[in-house]
Amino acid sequence: MTELAQYVASGLVVGAIYGLIAIGFTAVYNVTGIVNFAQGDFAMLGALGAIGLTAAGVPLAPAVVLAALAVGLAGVVIERVAIRPAGPDVLRGIIITIGVGVSLQGVAVLVWGTDAQPLPAFSGEKPIDLAGVTVPPQALWVVGTAAALMAGLYLFFARTYLGKAFRACAINAFAASLMGIPTSAIRALSFFVSGLVGAIAGIIVAPIALMQYDSGIFLGIKGFVACIIGGFGNPIGAALGGLALGLLEALATGYLSSGYKNAIAFVVLLAFLFARPGGILGELEGAKR
Amino acid sequence: MTRVALLAAALAAVYFSGSGYLVNLAVVTALFALPALGLSLLMGYTGQISLGHAAFVGLGAYASAILAKSLGLDPWLALALAVVATTAVAWGIGWLVFRLRGHHLAMATLAFGIIVHVATVEMKGLTGGQDGLSGIPPLSVFGLELGTDRAVFPLAWLACIAAILLAENLVRSPAGLTMRAVAENEAVAASFGIAPDALKRRIMAISGCYAALGGAIYGHYLGYISPGPFDVGFSIRLLLMVALGGFAGIWSVLFGVVFVVVTSELLKPFGRFDVVIYGVLLVVVMIYCPRGLLDGLGLAARALGRRLAGARAAE
Amino acid sequence: MSAPLLEVRGVAVRFGGLQALDAVSLDVAPGEILALIGPNGAGKSTLLNVVSGALRADAGSVRFKGRRIDGLTADAVNASGLARTFQGAEVLRAMTVRENVMAAGAARAGAGVVQGLAWLGPARRALARLAAEAESHLATVGLAALAAAPASSLTAGQQRLLAVARALATGAELLILDEPGAGLNATEKAFLAEVIERLRSHGKTVVFVEHDLGLVGRLAERIVVLDHGVLIAAGLPQQVRSDPRVIEAYLGNAQIGVARAASATRPAAPLLEVRSVAVSYGGSIALDRVSVQVGEGEVVALVGANGAGKSTLLKAIAGAVDPQSGTIAFGGAEIHRVPAAARVGRGLSLAPEGRALFGSLSVRDNLAVGRFGRLRAAGLRQILWPSGEEAAALEAAIEDVFRLFPRLRERASQLAGTLSGGEGQMLAIGRALVNRPRLLMLDEPSFGLAPQVAKEILEALPRLTGQGISVLLVEQNAQAALQISDRAYVLVGGRVAAEGPSAALAADPEIAQTYLGWEGARDTPIPGPANDDRFNRFSTVTYEEVKP
């Protein structure tokens with residue numbers, strides 16, 4: 001029984017990360033209609049950025065904040081330089097975001113090399129015992145930060161005026177522009193949010209999962225799968241989808257073999273794509289009327 | 001036909017140049033060009049996306065290697081069977097994925113590519129896992145083993161040229177028109193009596209066939225294969241080759257392949273710059289040169305020429 | 001009497017809560033030219049999609065040459081001998097004109113992918129045959145000279161002709177043309193009519209959907225009329241034209257309870273002045289030098305049939321579309337260079353066509369978001385969290401909307417996507433009112449609404465002038481619009497065909513004919529403004545004359 005609880009615990013931790021990445025996807029998709037294949041690389045960049053800063057002597061907390069903000073800004077720049085000029089063609093948009101992701105990986109290799117890097121755990125390494133389940137303290141950081149971030153985003157979008165304007169823009173950009181809502185500023189903001197959220201996801205998981213230049217690929221794919229499970233465009237679905245995927249992976253790793261862990265995500269992906277492309281919670285109105 | 005003659009002349013020059021290095025590069029180019037041509041037929045002419053094409057190359061390589069090594073079949077027979085089998089698999093995957101569109105399709109193909117890759121790593125009994133398969137019997141012609149660069153060069157390029165000619169034929173034919181119609185507007189194509197999904201499956205099959213051929217020849221020529229080269233990175237490099245070539249244009253795809261192979265070599269002494277450059281190049285080409293790098297450079301050159309001429313006239 | 005070529009029996013289609021087609025049955029006789037007409041939203045496109053296999057009906061059957069084709073895929077339907085064109089022409093822009101036509105014939109050419117690879121005899125011969133046939137089809141539609149041109153370079157009229165050539169190339173016996181005359185000028189339409197007659201003399205049967213009733217009158221042997229998914233009339237052109245149900249379907253019939261009082265005595269200064277605005281969409285002229293004025297405190301209606309350019313005019317005023325020429329002045333200042341998002345700040349509000357509500361936001365949130373322009377002008381802090389004066393002003397504005405439309409108050413926290421059609425339209429109007437505009441523009445507010453609901457909404461509009469808001473209303477329901485407005489313009493084919501006080505226009509017996517643009521018997525030529533008395537009937541009442 002404790003074995004099961006252990007798997008559930010690690011599944012939740014990993015699931016929280018996938019959920020954050022998935023939310024990053026949704027932020028961009030809802031406003032622009034583009035699936036940003038470089039989303040996972042934002043996480044990688046945030047993590048490596050924080051690692052680099054701490055290695056250079058910057059204390060942990062400011063390093064984390066700086067890295068997250070820097071990646072958010074990078075997202076804004078990428079939107080302006082690579083995404084906006086591309087136009088509405090879906091195929092081109094996909095390939096361009098792939099190109100962006102590859103570029104980010106290349107930059108990571110140049111700056112930090114190809115070795116995996118560690119980030120010091122936020123509050124030590126001594127495992128904590130929670131009702132028979134041992135978790136590293138970082139796990140609590142992961143779940144706690146993810147929950148706080150999701151709650152913060154929820155409050156922003158559901159309760160603040162700007163958040164509602166944001167959602168309006170995502171639902172129908174033409175009508176939003178009729179109200180005077182600046183759609184291009186909102187686009188830029190959505191990429192900022194997606195970069196920030198992605199970077200934070202990468203940073204909080206970096207102490208327990210070594211990050212390197214190509215870690216972003218799989219994180220991105222898993223985040224995408226989480227979106228598909230929860231229904232593309234639905235942020236709550238994204239979070240729940242992430243948790244579901246994390247749990248499935250942990251259970252599969254525990255009861256089957258760890259080699260097939262990645263395959264689980266893909267089998268789930270294909271199952272949903274063919275059976276229920278709308279996900280469990282269904283696609284939201286999304287970027288179209 | 002003149003293009004083929006020029007190509008043949010260039011190939012002859014390389015072959016007899018005495019440089020083992022150049023011959024090796026040329027062989028690599030041919031073996032990359034085969035899957036790239038297949039991908040170009042699918043993405044460039046039929047407008048579909050495939051992010052997992054490395055899987056077909058890998059399937060061809062592994063199938064042929066396993067048939068030849070473990071079952072002791074004649075390497076040529078193994079190659080033929082592997083190509084046929086992979087073609088069938090490609091058709092089947094097309095049956096599964098082409099009901100999807102846009103980013104769903106892209107993700108599904110990526111997923112298949114990774115599943116195949118993971119399978120080659122995990123199914124150690126069959127594929128040797130990460131250690132790979134060695135001792136793959138080489139192809140032989142009249143007793144001459146095609147295990148060295150110079151020996152396999154003619155086969156690789158014969159296959160490549162045949163692939164180019166067949167692809168050109170296809171694009172020129174009535175079927176080529178149906179492909180282009182489906183690429184641009186499926187509803188309109190259907191109103192012409194074209195069944196879009198059936199067509200996409202057929203093109204996917206041909207595309208898989210080309211990729212498998214390249215993979216199988218590669219396996220027999222090297223004598224050793226491992227899962228490493230058939231990963232997501234390779235799929236993306238194929239994507240880059242096709243994108244640089246402007247997606248559509250059989251000969252420009254060849255240009256794209258040559259460009260990537262040559263720049264890879266040139267960038268080797270500079271460490272890892274190649275990845276960044278490829279990424280940035282992909283973005284730039286997609287935004288500014290939708291018809292390919294060559295075309296884009298041509299446009300830029302003409303624009304520059306006009307500006308210089310204008311400046312001169314103003315003096 | 002030979003057997004019908006196409007038999008449609010009891011076809012029904014439902015989209016969510018909307019019955020798009022309701023037990024529609026019709027026959028198409030071989031060799032005839034049949035027109036399918038009806039106002040916007042009647043279900044014509046839906047019927048076309050069902051017949052061509054692009055959409056599956058919920059009930060009913062479609063038989064072609066005696067065999068059932070409902071349930072077949074679109075390409076299978078085409079293979080059995082029925083071809084359709086699309087509302088947007090949809091030429092394949094990456095190909096030349098000739099290649100477009102060849103592509104249309106390629107599926108029947110008998111040379112598939114395998115033969116294509118090998119380039120054997122069959123493929124070579126098939127290609128040559130396709131090319132020759134393409135030349136002949138292009139000659140039939142008069143595009144032979146443009147065979148080698150890229151399809152993207154064609155004008156709107158030429159694109160429509162290309163679509164006809166493609167339909168021919170598929171070898172079909174029955175050609176269904178979707179708005180073949182859209183965006184064409186008078187000469188092009190005359191040529192199109194000739195081409196269609198030529199097709200019939202080649203043994204083809206033609207069914208065409210059209211909004212231009214002039215073209216229909218000239219060309220159709222028989223007419224079928226759809227309204228709200230129901231077949232309301234079918235027969236010879238003379239019968240259909242004078243059928244009161246048909247006229248009512250196009251012009252509307254809502255009897256407005258509160259008719260607009262005679263124009264107030266205060267001098268009305270011009271609030272909006274549109275001068276000679278022209279808009280083209282890729283070669284087809286949507287607005288041809290249109291001039292319109294709205295005064296302070298006025299309700300002005302723009303009426304006209306579908307495709308007349310009414311929506312385009314509103315979009316040009318709102319800034320969503322850039323006019324090629326002409327000027328737009330609002331409140332005395334020229335605004336045609338001001339970007340769309342900034343026009344809202346100046347007091348111009350548009351409730352767009354189809355409502356465009358934010359479905360997953362609540363009613364109250366939809367209204368609140370409508371005030372974004374004003375809040376933004378009050379400072380960045382306000383758009384994050386409105387407070388103080390701004391918050392109070394926002395609440396007051398929302399209150400005003402609830403007073404105008406009490407039903408919205410009851411549903412304030414309901415998601416906008418769950419509202420009924422009428423409530424949704426109220427919300428769309430309310431949303432446009434929240435930033436206290438000086439001019440409210442409405443694009444087809446009664447579209448898709450039951451007459452009773454439309455009446456309720458339209459009756460509320462004149463009350464707005466009491467609050468200092470002028471109204472510019474675009475409506476297909478001309479009769480209702482004329483009753484609640486002070487003045488009106490009738491747009492036909494992108495031009496102002498008539499203008500004047502609404503009461504005068506409503507009383508004119510000829511208004512139906514002007515509005516609909518019916519022509520005379522089939523062999524009279526299509527008239528242009530220069531030689532038609534009707535266009536001169538209402539000597540254009542200029543602004544100065546309306547002032548008391």
# chains A, B, ... in the order shown; residues from 1 in each chain; ligands from 1
>>> residues_around(residues="C:Val13", least_positions_apart="3", cutoff="9 Å", atoms="only C-alpha atoms", output="mmCIF file with C-alpha atoms, in the first residue's frame")
data_model
loop_
_atom_site.group_PDB
_atom_site.id
_atom_site.type_symbol
_atom_site.label_atom_id
_atom_site.label_comp_id
_atom_site.auth_asym_id
_atom_site.auth_seq_id
_atom_site.Cartn_x
_atom_site.Cartn_y
_atom_site.Cartn_z
ATOM 1 C CA LEU C 18 -31.302 25.782 -35.084
ATOM 2 C CA GLN C 19 -33.315 23.882 -37.696
ATOM 3 C CA ALA C 20 -31.304 24.834 -40.757
ATOM 4 C CA LEU C 21 -33.371 22.758 -43.187
ATOM 5 C CA ASP C 22 -36.861 21.480 -42.480
ATOM 6 C CA ALA C 23 -38.275 18.732 -44.696
ATOM 7 C CA THR C 46 -26.672 23.989 -46.207
ATOM 8 C CA LEU C 47 -28.827 22.402 -48.882
ATOM 9 C CA VAL C 50 -26.075 18.146 -48.260
ATOM 10 C CA ARG C 56 -24.751 14.665 -43.793
ATOM 11 C CA ALA C 57 -28.443 15.381 -43.367
ATOM 12 C CA ASP C 58 -30.307 14.286 -40.253
ATOM 13 C CA ALA C 59 -33.207 13.005 -42.308
ATOM 14 C CA GLY C 229 -34.925 26.325 -43.842
#
>>> interface_residues(of="chain B", to="chain C", cutoff="6 Å", atoms="only C-alpha atoms", output="VMD selection string")
chain B and resid 166 169 to 170 173 to 175 177 to 178 190 to 195
>>> write_last_selection(atoms="N, CA and C atoms", output="CSV table (one decimal), in the first residue's frame")
chain,number,residue,atom,x,y,z
B,166,LEU,N,11.8,9.3,-60.6
B,166,LEU,CA,10.5,8.8,-60.4
B,166,LEU,C,9.6,9.9,-59.7
B,169,ASN,N,8.6,12.4,-62.3
B,169,ASN,CA,7.5,11.8,-63.1
B,169,ASN,C,6.2,12.0,-62.4
B,170,LEU,N,6.2,11.7,-61.1
B,170,LEU,CA,5.0,11.7,-60.3
B,170,LEU,C,4.4,13.1,-60.3
B,173,SER,N,2.8,14.2,-63.5
B,173,SER,CA,1.7,13.4,-64.0
B,173,SER,C,0.3,14.0,-63.5
B,174,PRO,N,-0.8,13.4,-64.0
B,174,PRO,CA,-2.1,13.8,-63.4
B,174,PRO,C,-2.2,13.6,-61.9
B,175,ALA,N,-1.5,12.6,-61.4
B,175,ALA,CA,-1.5,12.4,-59.9
B,175,ALA,C,-0.8,13.5,-59.2
B,177,LEU,N,-1.0,16.6,-60.1
B,177,LEU,CA,-2.0,17.7,-60.0
B,177,LEU,C,-3.0,17.4,-58.8
B,178,THR,N,-3.3,16.1,-58.6
B,178,THR,CA,-4.2,15.8,-57.5
B,178,THR,C,-3.5,16.1,-56.2
B,190,ALA,N,-11.9,17.4,-53.2
B,190,ALA,CA,-13.0,16.5,-53.1
B,190,ALA,C,-14.1,16.8,-54.2
B,191,SER,N,-14.3,18.1,-54.4
B,191,SER,CA,-15.3,18.4,-55.4
B,191,SER,C,-14.9,18.1,-56.8
B,192,PHE,N,-13.6,17.7,-56.9
B,192,PHE,CA,-13.1,17.2,-58.2
B,192,PHE,C,-13.2,15.7,-58.3
B,193,GLY,N,-13.7,15.1,-57.3
B,193,GLY,CA,-13.7,13.6,-57.3
B,193,GLY,C,-12.4,13.0,-56.8
B,194,ILE,N,-11.6,13.8,-56.2
B,194,ILE,CA,-10.3,13.3,-55.6
B,194,ILE,C,-10.6,12.9,-54.1
B,195,ALA,N,-10.3,11.7,-53.8
B,195,ALA,CA,-10.5,11.3,-52.4
B,195,ALA,C,-9.2,11.6,-51.6
>>> residues_around(residues="stretch 338-350 of chain C", least_positions_apart="4", cutoff="8 Å", atoms="only C-alpha atoms", output="compact mmCIF listing (two decimals) with C-alpha atoms, in the first residue's frame")
# COMPACT_ATOMS: atom_id res chain seq x y z
CA SER A 177 -10.53 44.90 -30.88
CA LEU A 178 -13.93 46.55 -31.28
CA MET A 179 -13.86 47.20 -27.53
CA GLY A 180 -10.48 48.84 -27.85
CA ILE A 181 -8.54 45.88 -26.45
CA PRO A 182 -5.03 45.96 -27.91
CA LEU C 314 -20.07 49.60 -41.11
CA ALA C 318 -15.41 51.12 -37.45
CA GLY C 319 -11.95 50.79 -38.94
CA ALA C 320 -11.95 47.04 -39.46
CA GLY C 373 -11.35 51.72 -24.15
CA ARG C 374 -12.44 54.28 -21.56
CA ALA C 377 -7.69 56.07 -21.33
CA ALA C 432 -21.44 48.34 -27.36
CA LEU C 433 -23.30 50.86 -25.20
CA ASN C 435 -18.51 52.87 -23.17
CA ARG C 436 -21.16 55.54 -23.72
CA PRO C 437 -20.69 56.02 -27.45
CA ARG C 438 -22.03 58.95 -29.38
CA LEU C 439 -22.81 56.71 -32.31
CA LEU C 440 -23.96 53.12 -31.99
CA MET C 441 -23.68 51.01 -35.13
CA LEU C 442 -25.59 47.74 -35.37
CA ASP C 443 -24.94 45.06 -37.95
>>> residues_around(residues="C:Tyr250", least_positions_apart="4", cutoff="12 Å", atoms="only C-alpha atoms", output="ChimeraX atom specification")
/C:37-42,211,213,225-228,232,241,243-246,254,303-306,475-480,511-513,515-517
>>> residues_around(residues="C:Ser470", least_positions_apart="2", cutoff="7 Å", atoms="only C-alpha atoms", output="MDAnalysis selection string")
chainID C and resid 296:299 438:440 465 468 472
>>> closest_residue(among="B:Gly18, B:Gly38, B:Gly296, B:Pro269", to="B:Leu254", atoms="only C-alpha atoms")
B:Gly38
>>> interface_residues(of="chain A", to="chain B", cutoff="8 Å", atoms="only C-alpha atoms", output="PDB file with C-alpha atoms, in the first residue's frame")
ATOM      1  CA  VAL A  35       0.847  25.377 -30.607  1.00  0.00           C
ATOM      2  CA  ALA A  82       9.508  34.863 -35.180  1.00  0.00           C
ATOM      3  CA  PRO A  85       5.787  37.767 -39.149  1.00  0.00           C
ATOM      4  CA  ALA A  86       4.794  34.207 -39.909  1.00  0.00           C
ATOM      5  CA  VAL A  90      -0.628  26.524 -39.477  1.00  0.00           C
ATOM      6  CA  LEU A  91       2.133  24.455 -41.083  1.00  0.00           C
ATOM      7  CA  ARG A  92       4.534  27.356 -41.167  1.00  0.00           C
ATOM      8  CA  ILE A  94       4.470  24.766 -36.411  1.00  0.00           C
ATOM      9  CA  ILE A  95       7.783  24.599 -38.224  1.00  0.00           C
ATOM     10  CA  ILE A  96       8.789  28.027 -37.027  1.00  0.00           C
ATOM     11  CA  THR A  97       8.191  27.108 -33.397  1.00  0.00           C
ATOM     12  CA  ILE A  98      10.189  23.938 -33.974  1.00  0.00           C
ATOM     13  CA  GLY A  99      12.958  26.109 -35.373  1.00  0.00           C
ATOM     14  CA  VAL A 100      12.767  28.373 -32.340  1.00  0.00           C
ATOM     15  CA  GLY A 101      12.991  25.365 -30.048  1.00  0.00           C
ATOM     16  CA  VAL A 102      16.011  24.025 -31.901  1.00  0.00           C
ATOM     17  CA  SER A 103      17.668  27.439 -31.712  1.00  0.00           C
ATOM     18  CA  LEU A 104      17.085  27.606 -27.981  1.00  0.00           C
ATOM     19  CA  GLN A 105      18.606  24.149 -27.592  1.00  0.00           C
ATOM     20  CA  GLY A 106      21.560  25.259 -29.641  1.00  0.00           C
ATOM     21  CA  VAL A 107      22.054  28.344 -27.500  1.00  0.00           C
ATOM     22  CA  VAL A 109      24.587  23.911 -25.767  1.00  0.00           C
ATOM     23  CA  LEU A 110      26.817  26.853 -26.533  1.00  0.00           C
ATOM     24  CA  GLY A 259      12.102   2.153 -20.129  1.00  0.00           C
ATOM     25  CA  TYR A 260       8.538   2.278 -21.267  1.00  0.00           C
ATOM     26  CA  ALA A 263       6.106   5.338 -24.342  1.00  0.00           C
ATOM     27  CA  PHE A 266       2.733   8.579 -26.463  1.00  0.00           C
ATOM     28  CA  LEU A 269      -1.529  10.724 -26.810  1.00  0.00           C
ATOM     29  CA  LEU A 270      -2.398   8.534 -29.742  1.00  0.00           C
ATOM     30  CA  LEU A 273      -6.017  11.821 -30.748  1.00  0.00           C
ATOM     31  CA  PHE A 274      -7.898   9.028 -32.391  1.00  0.00           C
TER      32      PHE A 274
END
>>> closest_residue(among="B:Leu267, B:Leu25, B:Val89, B:Val188", to="C:Ala163", atoms="only C-alpha atoms")
B:Val188
>>> interface_residues(of="chain A", to="chain C", cutoff="10 Å", atoms="only C-alpha atoms", output="VMD selection string")
chain A and resid 156 158 to 183 284 to 286 289
>>> atom_distance(atom1="atom CA of C:Leu175", atom2="atom CA of C:Ser280")
28.7 Å
>>> residues_around(residues="stretch 140-148 of chain A", least_positions_apart="4", cutoff="12 Å", atoms="only C-alpha atoms", output="number ranges by chain")
A: 9-23, 121-125, 127-130, 134-136, 152-155, 197-209, 236, 239-240, 242-243
>>> write_last_selection(atoms="C-alpha atoms", output="PDB file, in the first residue's frame")
ATOM      1  CA  ALA A   9       3.305  10.913  -4.565  1.00  0.00           C
ATOM      2  CA  SER A  10       5.988  10.941  -7.242  1.00  0.00           C
ATOM      3  CA  GLY A  11       3.284  10.960  -9.888  1.00  0.00           C
ATOM      4  CA  LEU A  12       1.784  14.092  -8.416  1.00  0.00           C
ATOM      5  CA  VAL A  13       5.130  15.836  -8.356  1.00  0.00           C
ATOM      6  CA  VAL A  14       5.866  15.054 -11.974  1.00  0.00           C
ATOM      7  CA  GLY A  15       2.240  15.754 -12.864  1.00  0.00           C
ATOM      8  CA  ALA A  16       2.452  19.232 -11.376  1.00  0.00           C
ATOM      9  CA  ILE A  17       5.315  20.031 -13.733  1.00  0.00           C
ATOM     10  CA  TYR A  18       3.477  18.680 -16.742  1.00  0.00           C
ATOM     11  CA  GLY A  19       0.463  20.723 -15.692  1.00  0.00           C
ATOM     12  CA  LEU A  20       2.490  23.925 -15.619  1.00  0.00           C
ATOM     13  CA  ILE A  21       3.954  23.262 -19.044  1.00  0.00           C
ATOM     14  CA  ALA A  22       0.493  22.493 -20.303  1.00  0.00           C
ATOM     15  CA  ILE A  23      -0.787  25.807 -18.967  1.00  0.00           C
ATOM     16  CA  ALA A 121      17.593  22.109  -3.737  1.00  0.00           C
ATOM     17  CA  PHE A 122      15.627  25.019  -2.291  1.00  0.00           C
ATOM     18  CA  SER A 123      15.561  23.771   1.255  1.00  0.00           C
ATOM     19  CA  GLY A 124      17.949  20.930   1.610  1.00  0.00           C
ATOM     20  CA  GLU A 125      18.061  17.316   0.581  1.00  0.00           C
ATOM     21  CA  PRO A 127      13.945  13.374   2.712  1.00  0.00           C
ATOM     22  CA  ILE A 128      10.761  14.043   4.638  1.00  0.00           C
ATOM     23  CA  ASP A 129       8.491  11.305   5.869  1.00  0.00           C
ATOM     24  CA  LEU A 130       4.815  11.975   5.201  1.00  0.00           C
ATOM     25  CA  THR A 134       9.291   9.565   1.730  1.00  0.00           C
ATOM     26  CA  VAL A 135       9.583  12.650  -0.411  1.00  0.00           C
ATOM     27  CA  PRO A 136      12.488  14.992  -0.992  1.00  0.00           C
ATOM     28  CA  GLY A 152      -2.518  32.935  -9.108  1.00  0.00           C
ATOM     29  CA  LEU A 153      -3.173  32.485 -12.799  1.00  0.00           C
ATOM     30  CA  TYR A 154      -6.717  31.394 -12.114  1.00  0.00           C
ATOM     31  CA  LEU A 155      -7.334  34.486 -10.001  1.00  0.00           C
ATOM     32  CA  VAL A 197       5.292  29.666 -16.346  1.00  0.00           C
ATOM     33  CA  GLY A 198       7.468  27.333 -18.405  1.00  0.00           C
ATOM     34  CA  ALA A 199      10.645  28.681 -16.832  1.00  0.00           C
ATOM     35  CA  ILE A 200       9.282  28.288 -13.321  1.00  0.00           C
ATOM     36  CA  ALA A 201       8.291  24.717 -14.094  1.00  0.00           C
ATOM     37  CA  GLY A 202      11.812  23.949 -15.224  1.00  0.00           C
ATOM     38  CA  ILE A 203      13.419  25.693 -12.273  1.00  0.00           C
ATOM     39  CA  ILE A 204      11.439  23.995  -9.552  1.00  0.00           C
ATOM     40  CA  VAL A 205      12.057  20.544 -10.957  1.00  0.00           C
ATOM     41  CA  ALA A 206      15.724  21.113 -11.743  1.00  0.00           C
ATOM     42  CA  PRO A 207      17.025  20.005  -8.317  1.00  0.00           C
ATOM     43  CA  ILE A 208      15.381  16.602  -8.591  1.00  0.00           C
ATOM     44  CA  ALA A 209      15.646  15.986 -12.337  1.00  0.00           C
ATOM     45  CA  ILE A 236      -8.101  23.681 -15.834  1.00  0.00           C
ATOM     46  CA  ALA A 239      -3.593  21.159 -15.070  1.00  0.00           C
ATOM     47  CA  LEU A 240      -5.720  18.071 -14.484  1.00  0.00           C
ATOM     48  CA  GLY A 242      -0.849  17.004 -16.324  1.00  0.00           C
ATOM     49  CA  LEU A 243      -1.641  15.357 -13.022  1.00  0.00           C
TER      50      LEU A 243
END
>>> select_by_dssp(residues="stretch 39-201 of chain A", states="helix (DSSP H, G or I)", output="NGL selection string")
:A and (39-55 or 60-86 or 90-112 or 137-159 or 161-171 or 173-178 or 183-201)
>>> residues_around(residues="B:Tyr45", least_positions_apart="2", cutoff="8 Å", atoms="only C-alpha atoms", output="PyMOL selection string")
chain B and resi 40-43+47+171+176+179-180+183+247-248
>>> write_last_selection(atoms="C-alpha atoms", output="PDB file, in the first residue's frame")
ATOM      1  CA  SER B  40       9.312  16.471 -49.863  1.00  0.00           C
ATOM      2  CA  LEU B  41       6.656  14.556 -51.787  1.00  0.00           C
ATOM      3  CA  LEU B  42       4.580  14.380 -48.625  1.00  0.00           C
ATOM      4  CA  MET B  43       5.124  17.849 -47.208  1.00  0.00           C
ATOM      5  CA  GLY B  47       0.879  19.624 -47.887  1.00  0.00           C
ATOM      6  CA  VAL B 171       4.866  15.484 -59.889  1.00  0.00           C
ATOM      7  CA  GLY B 176       0.829  15.284 -59.264  1.00  0.00           C
ATOM      8  CA  MET B 179      -1.502  16.067 -54.868  1.00  0.00           C
ATOM      9  CA  ARG B 180      -1.214  19.794 -55.317  1.00  0.00           C
ATOM     10  CA  ALA B 183      -2.317  20.356 -50.495  1.00  0.00           C
ATOM     11  CA  PHE B 247       9.464  22.065 -49.660  1.00  0.00           C
ATOM     12  CA  ALA B 248       8.466  21.591 -53.241  1.00  0.00           C
TER      13      ALA B 248
END
>>> select_by_dssp(residues="stretch 14-224 of chain A", states="strand (DSSP E or B)", output="PyMOL selection string")
chain A and resi 117+128-130+133-135+211
>>> atom_distance(atom1="atom CA of B:Ile250", atom2="atom CA of B:Cys160")
11.4 Å
>>> atom_distance(atom1="atom CA of A:Pro118", atom2="atom CA of A:Leu73")
23.9 Å
